Every structure is written in C-alpha cells, then in structure tokens.
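Peer 1: File name target.cif; file contents mmCIF, C-alpha atoms; full text below.
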```cif
data_model
#
loop_
_atom_site.label_atom_id
_atom_site.label_comp_id
_atom_site.auth_asym_id
_atom_site.auth_seq_id
_atom_site.Cartn_x
_atom_site.Cartn_y
_atom_site.Cartn_z
CA MET F 1 40.23 -11.69 1.03
CA LYS F 2 42.09 -12.78 -2.07
CA GLY F 3 40.47 -11.64 -5.29
CA VAL F 4 38.23 -9.05 -3.62
CA LYS F 5 38.26 -5.50 -4.98
CA VAL F 6 37.38 -2.40 -3.03
CA ASP F 7 36.26 0.72 -4.88
CA GLU F 8 36.43 3.85 -2.76
CA GLU F 9 36.82 6.55 -5.37
CA ASP F 10 33.25 7.79 -5.06
CA SER F 11 32.89 7.65 -1.31
CA ILE F 12 33.31 11.34 -0.50
CA SER F 13 31.77 13.30 -3.37
CA SER F 14 28.58 15.19 -2.53
CA PRO F 15 25.57 14.97 -4.84
CA ALA F 16 23.42 17.89 -5.84
CA PRO F 17 20.12 18.20 -3.95
CA ILE F 18 17.77 15.43 -5.06
CA CYS F 19 13.99 15.57 -5.32
CA MET F 20 11.30 13.93 -7.40
CA LYS F 21 11.39 16.89 -9.76
CA ASP F 22 14.52 15.23 -11.10
CA PHE F 23 12.10 12.88 -12.87
CA GLY F 24 10.32 15.87 -14.36
CA ILE F 25 7.44 15.37 -11.91
CA LYS F 26 6.35 18.49 -10.10
CA GLY F 27 4.61 18.20 -6.75
CA PHE F 28 4.98 14.43 -6.58
CA THR F 29 5.54 14.34 -2.86
CA GLN F 30 2.33 16.26 -2.21
CA LYS F 31 0.13 13.77 -4.06
CA LYS F 32 -1.94 11.41 -1.88
CA LEU F 33 -1.90 7.67 -2.42
CA VAL F 34 -4.97 6.26 -4.15
CA MET F 35 -5.41 2.71 -2.91
CA GLU F 36 -5.62 0.15 -5.71
CA GLY F 37 -4.82 3.00 -8.10
CA ASN F 38 -3.20 2.68 -11.48
CA THR F 39 -1.05 5.78 -11.32
CA LEU F 40 2.57 5.72 -12.43
CA TRP F 41 5.11 8.37 -11.50
CA VAL F 42 5.37 9.30 -15.17
CA SER F 43 1.64 9.98 -15.50
CA HIS F 44 1.86 13.20 -13.52
CA CYS F 45 3.84 15.06 -16.17
CA VAL F 46 1.93 14.45 -19.40
CA GLU F 47 -0.42 17.41 -19.06
CA ASN F 48 2.43 19.90 -18.92
CA VAL F 49 5.03 18.44 -21.24
CA ALA F 50 6.26 21.80 -22.46
CA SER F 51 6.66 23.29 -19.00
CA ASP F 52 8.34 20.16 -17.63
CA THR F 53 11.05 20.01 -20.26
CA ALA F 54 13.18 22.38 -18.23
CA GLU F 55 12.87 20.08 -15.25
CA LEU F 56 14.30 17.22 -17.30
CA ASP F 57 17.26 19.39 -18.24
CA SER F 58 17.99 19.91 -14.55
CA PHE F 59 18.10 16.18 -13.78
CA SER F 60 21.07 15.98 -11.43
CA GLU F 61 24.14 14.15 -12.70
CA LEU F 62 26.75 13.13 -10.15
CA ASN F 63 29.63 13.95 -12.48
CA ASP F 64 28.05 17.14 -13.87
CA GLU F 65 27.85 15.68 -17.36
CA SER F 66 24.45 17.32 -17.67
CA LYS F 67 26.26 20.64 -18.16
CA LYS F 68 27.88 19.41 -21.38
CA GLU F 69 26.19 20.09 -24.69
CA VAL F 70 24.91 16.98 -26.42
CA ALA F 71 23.69 16.85 -29.98
CA SER F 72 20.06 15.67 -30.16
CA ILE F 73 18.42 13.49 -32.80
CA SER F 74 14.66 13.12 -33.10
CA VAL F 75 14.10 9.38 -32.83
CA ASP F 76 10.39 9.99 -33.39
CA LEU F 77 11.16 10.51 -37.06
CA VAL F 78 13.02 7.25 -37.58
CA LEU F 79 11.77 4.64 -35.09
CA PRO F 80 8.43 2.80 -35.11
CA ASP F 81 6.65 2.20 -31.78
CA ASP F 82 7.62 -1.47 -31.43
CA LEU F 83 11.32 -0.76 -31.87
CA LEU F 84 11.18 2.25 -29.56
CA GLU F 85 9.50 0.02 -26.96
CA ARG F 86 12.36 -2.45 -27.09
CA ILE F 87 14.97 0.30 -26.75
CA LEU F 88 13.27 2.03 -23.83
CA ALA F 89 12.75 -1.28 -22.02
CA TYR F 90 16.54 -1.68 -21.70
CA LEU F 91 16.95 1.65 -19.89
CA PRO F 92 17.39 1.94 -16.11
CA ILE F 93 14.00 2.38 -14.54
CA ALA F 94 14.67 6.00 -13.52
CA SER F 95 15.45 6.80 -17.16
CA ILE F 96 12.22 5.09 -18.24
CA LEU F 97 10.25 7.32 -15.87
CA ARG F 98 11.94 10.39 -17.33
CA ALA F 99 11.36 9.15 -20.87
CA GLY F 100 7.63 9.06 -20.16
CA CYS F 101 7.77 12.79 -19.52
CA VAL F 102 9.30 13.67 -22.89
CA CYS F 103 6.13 13.65 -24.96
CA LYS F 104 2.69 12.11 -25.20
CA ARG F 105 3.87 9.34 -27.55
CA TRP F 106 6.65 8.21 -25.23
CA HIS F 107 4.32 8.33 -22.24
CA GLU F 108 1.81 6.10 -24.02
CA ILE F 109 4.60 3.67 -24.91
CA VAL F 110 6.07 3.28 -21.41
CA THR F 111 2.60 2.78 -19.87
CA SER F 112 1.35 0.29 -22.49
CA GLU F 113 0.84 -3.41 -21.77
CA SER F 114 3.22 -4.42 -24.55
CA PHE F 115 5.98 -2.27 -23.04
CA LEU F 116 5.46 -3.82 -19.63
CA TRP F 117 5.70 -7.25 -21.25
CA ASN F 118 9.00 -6.27 -22.88
CA PHE F 119 10.22 -4.82 -19.59
CA ASN F 120 9.32 -8.04 -17.76
CA SER F 121 11.20 -10.20 -20.29
CA ILE F 122 14.45 -8.28 -19.79
CA LEU F 123 16.89 -9.07 -17.01
CA SER F 124 16.00 -7.70 -13.58
CA GLN F 125 16.87 -4.15 -12.69
CA LYS F 126 19.51 -3.80 -9.99
CA PRO F 127 17.85 -3.56 -6.57
CA TRP F 128 17.51 -0.12 -4.99
CA TYR F 129 18.07 0.63 -1.31
CA PHE F 130 15.66 2.83 0.64
CA MET F 131 17.28 4.59 3.61
CA PHE F 132 15.11 6.06 6.35
CA THR F 133 16.32 9.47 7.44
CA SER F 134 14.07 9.79 10.48
CA SER F 135 13.47 7.51 13.45
CA ASP F 136 9.86 8.71 13.73
CA GLU F 137 8.62 9.36 10.19
CA PRO F 138 8.61 7.12 7.09
CA VAL F 139 10.74 9.48 5.02
CA GLY F 140 14.02 8.95 3.25
CA TYR F 141 15.85 8.44 -0.03
CA ALA F 142 16.15 5.53 -2.44
CA TYR F 143 19.54 4.70 -3.97
CA ASP F 144 19.84 3.60 -7.60
CA PRO F 145 23.10 1.62 -8.01
CA ILE F 146 23.04 1.84 -11.82
CA LEU F 147 22.88 5.63 -12.13
CA ARG F 148 24.44 6.05 -8.64
CA LYS F 149 21.83 8.58 -7.52
CA TRP F 150 19.51 9.09 -4.56
CA TYR F 151 15.83 9.90 -5.13
CA GLY F 152 13.29 11.26 -2.66
CA ILE F 153 10.40 8.78 -2.43
CA ASP F 154 7.31 8.84 -0.24
CA LEU F 155 6.45 5.48 1.28
CA PRO F 156 2.73 4.71 1.09
CA CYS F 157 0.69 3.38 3.99
CA ILE F 158 3.18 3.25 6.84
CA GLU F 159 3.25 5.82 9.63
CA THR F 160 6.66 5.31 11.25
CA SER F 161 10.00 3.85 10.21
CA ASN F 162 9.88 0.99 12.72
CA TRP F 163 7.32 -1.11 10.81
CA PHE F 164 8.27 -4.63 9.73
CA ILE F 165 9.32 -4.62 6.07
CA ALA F 166 9.99 -7.41 3.57
CA SER F 167 10.33 -7.34 -0.22
CA SER F 168 10.39 -9.67 -3.22
CA CYS F 169 10.32 -9.16 -7.00
CA GLY F 170 9.11 -5.56 -6.98
CA LEU F 171 6.59 -5.86 -4.13
CA VAL F 172 7.18 -4.58 -0.60
CA CYS F 173 5.17 -5.81 2.40
CA PHE F 174 4.66 -3.61 5.48
CA MET F 175 3.33 -4.70 8.89
CA ASP F 176 2.81 -2.34 11.81
CA ASN F 177 4.92 -2.78 14.93
CA ASP F 178 2.15 -2.19 17.48
CA SER F 179 -0.87 -4.44 16.89
CA ARG F 180 0.93 -6.34 14.09
CA SER F 181 -2.43 -6.65 12.36
CA GLU F 182 -2.07 -3.90 9.72
CA LEU F 183 -0.54 -5.25 6.51
CA TYR F 184 -0.01 -3.65 3.12
CA VAL F 185 1.60 -4.88 -0.09
CA CYS F 186 2.88 -2.16 -2.39
CA ASN F 187 4.83 -1.45 -5.55
CA LEU F 188 6.90 1.59 -4.56
CA ILE F 189 7.48 2.63 -8.16
CA THR F 190 3.89 2.59 -9.44
CA LYS F 191 2.42 3.39 -5.99
CA ARG F 192 -0.13 0.59 -6.32
CA CYS F 193 -1.03 -0.65 -2.87
CA LYS F 194 -3.30 -3.31 -1.38
CA VAL F 195 -4.58 -3.64 2.17
CA LEU F 196 -4.54 -7.15 3.61
CA ASP F 197 -6.48 -8.61 6.49
CA GLY F 198 -4.22 -9.19 9.48
CA PRO F 199 -3.06 -12.68 10.42
CA PRO F 200 -5.32 -14.71 12.75
CA GLY F 201 -4.64 -15.41 16.40
CA PRO F 202 -3.41 -13.13 19.19
CA LYS F 203 -2.40 -9.68 17.97
CA ILE F 204 0.46 -9.22 20.40
CA SER F 205 3.65 -11.28 20.36
CA ASP F 206 7.04 -10.62 21.89
CA TYR F 207 8.81 -11.11 18.57
CA SER F 208 7.65 -11.27 14.95
CA ALA F 209 9.42 -11.92 11.66
CA LEU F 210 7.92 -10.97 8.27
CA ALA F 211 8.78 -12.42 4.84
CA ILE F 212 7.27 -12.33 1.34
CA SER F 213 7.97 -14.41 -1.76
CA VAL F 214 6.61 -13.51 -5.21
CA ASP F 215 6.30 -16.01 -8.05
CA ARG F 216 8.01 -14.30 -11.01
CA VAL F 217 5.76 -16.01 -13.55
CA SER F 218 2.26 -15.86 -12.03
CA HIS F 219 3.00 -12.87 -9.73
CA ASN F 220 1.12 -14.65 -6.93
CA TYR F 221 2.80 -14.20 -3.57
CA THR F 222 3.12 -15.84 -0.17
CA ILE F 223 3.56 -13.91 3.07
CA SER F 224 4.83 -15.51 6.25
CA VAL F 225 4.72 -14.20 9.81
CA VAL F 226 6.69 -16.07 12.47
CA LYS F 227 5.49 -15.16 15.96
CA SER F 228 7.23 -15.97 19.22
CA LYS F 229 5.77 -15.36 22.67
CA GLN F 230 7.19 -16.22 26.07
CA VAL F 231 5.20 -18.68 28.17
CA PRO F 232 4.17 -16.76 31.33
CA GLY F 233 6.49 -17.47 34.22
CA ASN F 234 8.97 -19.51 32.16
CA PHE F 235 11.73 -17.57 30.41
CA PHE F 236 13.11 -20.70 28.72
CA GLN F 237 9.84 -21.80 27.07
CA TRP F 238 8.48 -19.93 24.07
CA ASP F 239 5.37 -20.47 21.96
CA LEU F 240 6.14 -20.28 18.24
CA SER F 241 3.60 -20.03 15.42
CA ILE F 242 3.98 -19.76 11.64
CA LEU F 243 1.17 -18.01 9.74
CA LEU F 244 0.97 -18.01 5.95
CA TYR F 245 -0.99 -15.81 3.52
CA ASP F 246 -1.73 -16.93 -0.06
CA SER F 247 -2.55 -14.10 -2.49
CA GLU F 248 -4.31 -16.49 -4.86
CA THR F 249 -6.88 -17.62 -2.26
CA MET F 250 -6.56 -14.38 -0.24
CA THR F 251 -6.60 -16.37 3.00
CA TRP F 252 -4.41 -16.89 6.06
CA VAL F 253 -3.66 -20.26 7.61
CA THR F 254 -1.87 -21.10 10.85
CA SER F 255 0.62 -23.54 9.41
CA LEU F 256 2.39 -24.56 12.62
CA THR F 257 2.36 -24.02 16.37
CA GLU F 258 5.09 -25.42 18.55
CA ASP F 259 6.83 -24.89 21.92
CA LEU F 260 10.56 -24.21 21.94
CA MET F 261 12.68 -24.86 25.02
CA GLY F 262 15.76 -22.69 25.42
CA TRP F 263 15.22 -20.93 22.10
CA ARG F 264 13.00 -18.17 20.75
CA ALA F 265 12.40 -16.75 17.29
CA GLY F 266 13.27 -13.14 16.51
CA ASP F 267 12.62 -10.66 13.70
CA GLU F 268 14.74 -12.18 10.94
CA SER F 269 13.24 -14.45 8.24
CA VAL F 270 13.24 -14.95 4.48
CA ILE F 271 11.69 -17.33 1.92
CA CYS F 272 14.00 -18.99 -0.63
CA ASN F 273 12.91 -21.55 -3.21
CA GLY F 274 9.80 -22.55 -1.24
CA VAL F 275 11.55 -22.83 2.13
CA LEU F 276 11.03 -20.45 5.04
CA TYR F 277 14.23 -19.72 6.95
CA PHE F 278 14.31 -17.87 10.26
CA LEU F 279 16.88 -17.25 12.95
CA ILE F 280 16.36 -18.39 16.52
CA TYR F 281 18.17 -17.13 19.60
CA SER F 282 19.29 -18.94 22.74
CA THR F 283 17.51 -18.03 25.97
CA GLY F 284 20.12 -19.84 28.09
CA GLY F 285 21.68 -23.21 28.69
CA GLY F 286 24.22 -23.18 25.84
CA GLY F 287 27.72 -21.92 25.20
CA SER F 288 28.57 -18.77 23.28
CA GLU F 289 28.71 -20.76 20.04
CA ASN F 290 25.01 -21.57 20.43
CA ARG F 291 23.69 -18.03 20.73
CA HIS F 292 22.14 -18.18 17.23
CA GLY F 293 20.72 -20.89 15.05
CA LEU F 294 18.78 -21.31 11.81
CA ILE F 295 15.46 -23.12 11.31
CA MET F 296 14.24 -24.38 7.91
CA TYR F 297 10.53 -24.90 7.24
CA ASN F 298 9.35 -26.30 3.90
CA LEU F 299 6.22 -24.41 2.86
CA ALA F 300 5.04 -27.22 0.57
CA SER F 301 5.39 -30.26 2.84
CA ARG F 302 4.86 -28.31 6.10
CA SER F 303 6.64 -30.26 8.82
CA PRO F 304 4.35 -31.90 11.39
CA HIS F 305 4.18 -30.68 14.96
CA GLY F 306 7.11 -31.47 17.23
CA ILE F 307 9.97 -31.93 14.77
CA LEU F 308 10.78 -28.31 13.87
CA MET F 309 14.10 -28.38 15.76
CA ARG F 310 15.29 -31.28 13.60
CA SER F 311 15.90 -28.73 10.84
CA PHE F 312 18.19 -26.72 13.15
CA VAL F 313 21.41 -25.50 11.49
CA PRO F 314 24.08 -23.90 13.70
CA VAL F 315 25.56 -20.61 12.54
CA PRO F 316 29.11 -20.76 11.14
CA CYS F 317 30.73 -18.85 14.01
CA SER F 318 29.88 -16.70 17.01
CA LEU F 319 27.70 -13.86 15.69
CA THR F 320 26.66 -10.54 17.17
CA CYS F 321 23.70 -10.51 14.75
CA GLY F 322 22.59 -12.13 11.51
CA ARG F 323 20.67 -10.85 8.50
CA LEU F 324 19.00 -13.27 6.05
CA MET F 325 18.32 -12.55 2.38
CA ASN F 326 17.36 -14.28 -0.86
CA LEU F 327 19.86 -13.90 -3.72
CA LYS F 328 18.55 -15.73 -6.79
CA GLU F 329 16.78 -18.34 -4.63
CA LYS F 330 19.87 -19.04 -2.52
CA LEU F 331 19.94 -18.26 1.17
CA ILE F 332 22.59 -15.69 2.11
CA MET F 333 23.43 -14.58 5.63
CA VAL F 334 25.36 -11.43 6.54
CA GLY F 335 26.64 -11.64 10.10
CA GLY F 336 28.64 -9.64 12.59
CA ILE F 337 31.59 -11.76 13.70
CA GLY F 338 32.13 -11.64 17.47
CA LYS F 339 35.52 -11.55 19.18
CA GLN F 340 36.75 -14.89 20.48
CA ASP F 341 36.96 -13.72 24.09
CA ARG F 342 34.00 -11.31 23.86
CA PRO F 343 31.46 -12.81 21.42
CA ASP F 344 29.09 -9.88 21.97
CA ILE F 345 31.67 -7.41 20.57
CA ILE F 346 31.86 -7.16 16.77
CA LYS F 347 35.26 -7.46 15.07
CA GLY F 348 34.21 -7.85 11.44
CA ILE F 349 31.43 -8.81 9.02
CA GLY F 350 31.17 -11.99 6.98
CA ILE F 351 28.86 -13.22 4.21
CA TRP F 352 27.86 -16.88 3.95
CA SER F 353 25.78 -18.99 1.57
CA LEU F 354 23.87 -22.05 2.78
CA ASN F 355 24.63 -25.21 0.78
CA GLY F 356 22.39 -27.98 2.08
CA ARG F 357 23.11 -27.78 5.80
CA GLU F 358 26.62 -26.36 5.46
CA TRP F 359 27.66 -22.71 5.45
CA LEU F 360 30.12 -21.53 2.80
CA GLU F 361 31.86 -18.21 3.40
CA ILE F 362 31.76 -16.19 0.19
CA ALA F 363 33.19 -12.88 1.40
CA ARG F 364 34.49 -11.01 4.39
CA MET F 365 34.37 -7.23 4.64
CA PRO F 366 37.87 -5.70 4.26
CA HIS F 367 39.07 -4.03 7.44
CA LYS F 368 39.41 -0.73 5.59
CA CYS F 369 35.70 -0.78 4.74
CA PHE F 370 34.80 -1.81 8.28
CA GLN F 371 36.72 1.19 9.61
CA GLY F 372 35.14 3.40 6.96
CA PHE F 373 31.84 3.35 8.84
CA GLY F 374 33.48 5.21 11.71
CA GLU F 375 31.27 3.75 14.40
CA PHE F 376 29.76 0.30 13.97
CA ASP F 377 27.34 -1.24 16.46
CA ASP F 378 27.14 -4.93 17.21
CA VAL F 379 23.87 -4.97 15.28
CA PHE F 380 23.42 -3.35 11.87
CA ALA F 381 21.08 -3.19 8.86
CA SER F 382 21.68 -5.36 5.81
CA SER F 383 19.50 -6.58 2.97
CA GLY F 384 19.96 -7.69 -0.60
CA THR F 385 18.59 -9.40 -3.67
CA ASP F 386 19.75 -10.38 -7.15
CA ASP F 387 23.57 -9.92 -6.95
CA LEU F 388 23.80 -6.96 -4.55
CA ILE F 389 24.09 -6.85 -0.76
CA TYR F 390 23.70 -3.57 1.11
CA ILE F 391 25.23 -3.03 4.54
CA GLN F 392 24.53 -0.01 6.73
CA SER F 393 25.47 1.03 10.24
CA TYR F 394 22.60 2.19 12.43
CA GLY F 395 24.74 5.10 13.58
CA ALA F 396 25.53 6.77 10.24
CA PRO F 397 24.07 7.17 6.72
CA ALA F 398 27.09 5.54 5.02
CA LEU F 399 26.06 2.67 2.72
CA LEU F 400 28.37 -0.11 1.51
CA VAL F 401 27.47 -2.33 -1.45
CA TYR F 402 28.89 -5.79 -2.16
CA ASP F 403 28.50 -7.22 -5.67
CA VAL F 404 28.48 -11.01 -5.33
CA ASN F 405 29.20 -11.62 -9.02
CA GLN F 406 32.10 -9.19 -9.30
CA LYS F 407 33.32 -9.83 -5.73
CA GLN F 408 33.62 -6.09 -5.31
CA TRP F 409 32.99 -3.81 -2.34
CA LYS F 410 31.91 -0.29 -3.21
CA TRP F 411 30.62 2.70 -1.27
CA SER F 412 27.40 4.21 -2.52
CA GLN F 413 27.21 7.82 -3.54
CA LYS F 414 26.91 9.92 -0.38
CA CYS F 415 23.31 10.07 0.85
CA PRO F 416 22.00 13.66 0.93
CA VAL F 417 21.32 13.59 4.67
CA THR F 418 23.44 14.37 7.71
CA LYS F 419 23.30 13.16 11.29
CA ARG F 420 21.48 15.83 13.31
CA PHE F 421 21.86 14.46 16.84
CA PRO F 422 24.00 11.75 18.52
CA LEU F 423 21.25 9.15 19.00
CA GLN F 424 19.79 9.47 15.50
CA LEU F 425 19.37 6.03 13.92
CA PHE F 426 19.55 5.09 10.27
CA THR F 427 18.15 1.93 8.73
CA GLY F 428 16.66 0.78 5.46
CA PHE F 429 15.70 -2.04 3.12
CA CYS F 430 16.31 -3.04 -0.48
CA PHE F 431 13.70 -3.68 -3.15
CA GLU F 432 13.52 -4.38 -6.88
CA PRO F 433 12.21 -1.41 -8.90
CA ARG F 434 9.66 -2.89 -11.29
CA LEU F 435 6.79 -1.51 -13.35
CA GLU F 436 4.84 -4.59 -14.42
CA ILE F 437 3.94 -6.17 -11.07
CA SER F 438 0.97 -5.24 -8.88
CA PRO F 439 -0.23 -6.48 -5.52
#
```
Written as structure tokens, how would this file's structure read?
Peer 2:
Amino acid sequence: MKGVKVDEEDSISSPAPICMKDFGIKGFTQKKLVMEGNTLWVSHCVENVASDTAELDSFSELNDESKKEVASISVDLVLPDDLLERILAYLPIASILRAGCVCKRWHEIVTSESFLWNFNSILSQKPWYFMFTSSDEPVGYAYDPILRKWYGIDLPCIETSNWFIASSCGLVCFMDNDSRSELYVCNLITKRCKVLDGPPGPKISDYSALAISVDRVSHNYTISVVKSKQVPGNFFQWDLSILLYDSETMTWVTSLTEDLMGWRAGDESVICNGVLYFLIYSTGGGGSENRHGLIMYNLASRSPHGILMRSFVPVPCSLTCGRLMNLKEKLIMVGGIGKQDRPDIIKGIGIWSLNGREWLEIARMPHKCFQGFGEFDDVFASSGTDDLIYIQSYGAPALLVYDVNQKQWKWSQKCPVTKRFPLQLFTGFCFEPRLEISP
C-alpha cells in the first residue's frame, strides 16, 4: 500500500539466550505464585544487591552494546528522591525492574506509591506479546517492542496453553477450556492474581468468547463471556447467552439470552468504549460473502431480547478468519482475505477499523511480509492494543508487528525458540506491562 514502510533489517539476527536473570533476578522461575500477593519481580533481588550486580552487567543486548565501556556517574549524589522518581518513571518497564535491583534506595523508589502514581500518569508502555512455545504447557517468552528483547516469563494460574485469554490495561483474564468455570485475573508483571467465581448457568458450551475491559481511572473492570450452544437436533439453531462480571460488585449477571437461526457465536470478542463486539459465523443458508458477521451489544443500555441481530454488521470482504482488538477504544479487525474463487483459501491479510457501521481499511500486509512467514494457515493469531498489532502464524514462531501510527510493518527480534516437530503450534496474546494496577 502507498505510504507503508516495511522494516526487515532485524528479521534474521539471533538473540543471546534470555532468562529472568537478565533482570538481575535469580531463581525467578522457581518461585511459586502467592495469590493476592504484593510481590514485584524487583523485590527478589534486594537481599543480595552485591551478588546480583554481575547479573545486571550480563543483561543481554541485541546489538552487543553491553560489551562497550560506559562511564558511570553516581546519580545518588546529585538527585533527590522526587526527581529520581520522575526520571525512572519514564524508563521502559524492563529497565525499571532492573533499576530496582541496583540498590536499596532505588528499590524503595520503584515500589513506592508515589512512583506508581508517576508511572500511571505517563503515557502507556508499548504492549508486549507473549508467545507460547508449547502446545501443552503454559510456557513461553514475552517480547518487549521498545528494547526489542524476549524475556522468559512464567504465567500464573493456567495449566495449558489452550485456555481462553483476554487482556486490558495491564490485566490479563484467563478462563479454562474444559469446564469454562475457572477464571483468574492477573497482572503478569507484578504477579498479583485474583480467583473469580465462574459464570452462572451451564458449564459446557460449544463455543465461548472471553473479553475484559478495565477502566483506566478507577481500575474497575468488566468481564464478558459469550456462550453459544447448538440446539439438540437442529444444526441451524443456536442458543446464545451473554454473561457479565462487574469487579466493583463482584457479581455475575446473565445479561442476555437469545436464539440465533443460521448463525452461531465463536471465540472472538472484545469490548471497546462500552460496547461488546463479537463475531458470528454462518451455519448455512447464505453465500460465501455471509460466512462471517459482527454483532454489537451496548453494555450500558443492554438491548432487549429478540433484536440482537439488528446490530449485525457484515464483514468487509470474504474472510478466512477474523481477529478483534481494541486500539485506543476503537474496534480494529485483522482478517485473512479469501480468494475470490476459493474463499476458504487465504491470499492476504487486511486490517480494518469500524466507523459507525462501516469498515475502513487502514492497512494491508505487503506480499513480501506475507511470504516471510513461509507457511501461513487460513487461521492465525493476532492481537493488539495501543498503536501496535501483532500477527503470528500458528505454524512458526515468526512475529510481525504493525505500528498503526507510523504505518510501518516490522519483524520482531527472532524468538529464542525453534520448531521441534512438524505439527507444533505457536500462538500468543498481547498485554500492557504495567506496575500500578491490581486485580
């Protein structure tokens, strides 16, 4: 597309091995999660500041700048605490975590309430992307687009990588894929985690879609679960229910139940500016252009029973799959564009923004980037927030980043994982790294 830049200079370089010791934190991955705890990553290194200094020196730099000698100045001698707070609050979050390992004074600063207030008042950190490296275990690496590094992070609570995952403003919500009654809300940076009661009603549904929306001022949050279950003996009729959780009242409500004819919900939903959006899929009776559609549900007014389909918005073209995301309270969809004669075969990837009830195409992946994945299935992983959109093929650990503001496509630094067997799957999700928010 005209005016779109593609940066591919960093797509083949290999990073040094990454582990949490790069933050100066020894044995982080062996530490157990303390539910409702108040433990930051940086708090593990205060007791052994002297011994951990060497670990900070070995913090891996992708361009080996860490090997260069840099003159050091003791800021402790010249800066008061309040000014040091302001300076540290502007650092990337990974650098803040390392700064807390420098000395006791810096640790006390980066864990103080006034520092968290300063951190909250500064523009959002760029969202990270967590990539699962196992189809069975919840293990993987998180990518920092500012420092262009991958970090090994343990995910709390979840047992396998196929759980439902949604994120908003520093909080990540997990729901199990079996009973769909286990829910957790976590801050992956501070490791604070809260267990929620499961949604009411039947535990088993054929399809479920999870979404979370956090108020950036009050830090209260809303969780939605859209469930879809086939009516026995009738493939074209599906029961749909929308369940909402309010963190302020700590209660679930069944907001809507409705029957859909010829359509079913799936596993894709997001909340933007108080509206729940979710994709629905044709179960027959329509042309290829009607294979997908979008439903809008206002969480404040809560549409009455029987008129849900009035909010139906057709997708902009024939899609192999669609991924919904919230970028600064605007709905964005990343979709696989199907071939004209074979709509189930992907030929490219487009990005659209919803303006009222009309789709506006804002970008289309350059063919060179599309080929750069090597193999690309008709369905793929994609998520984003703020100004960044991440796109990943299920068949390889390559990760492509699109910056909406700069209109630039860029490959991430190579993930430190390789494909071990032909059917190995890779997927992931993005989240905002934040220190000040708790579930």
Peer 1: Rounded to one decimal, what separation in Å do you get between atom CA of Glu85 of chain F and atom CA of Gln125 of chain F?
Peer 2: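 Taking atom CA of Glu85 of chain F as the start and atom CA of Gln125 of chain F as the end point, the length is 16.6 Å.
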Peer 1: To one decimal place in Å, what is the distance between atom CA of Leu319 of chain F and atom CA of Asp378 of chain F?
Peer 2: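 Spanning atom CA of Leu319 of chain F to atom CA of Asp378 of chain F is a straight-line distance of 9.1 Å.
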Peer 1: Got a sec: who's within 10 Å of Ala300 of chain F, counting all atoms listed in the file, leaving out chain neighbours fewer than 2 positions off, as a list of chain:residue names?
Peer 2: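 Here the answer would be F:Gly274, F:Val275, F:Tyr297, F:Asn298, F:Arg302, F:Ser303.
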Peer 1: For atom CA of Ile109 of chain F and atom CA of Cys430 of chain F, quote the distance in Å rounded to one decimal.
Peer 2: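 Going from atom CA of Ile109 of chain F over to atom CA of Cys430 of chain F, I get 27.9 Å.
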Peer 1: So, counting only C-alpha atoms, which residue among F:Gln406, F:Lys328, F:Tyr390, F:Gly336 is closest to Asp377 of chain F?
Peer 2: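 So, comparing all the options, the nearest one is F:Gly336.
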Peer 1: For Leu79 of chain F, work out the shell of residues within 12 Å, counting all atoms listed in the file and skipping chain neighbours fewer than 6 positions away, then give it as a ChimeraX atom specification.
Peer 2: /F:73,85-88,105-106
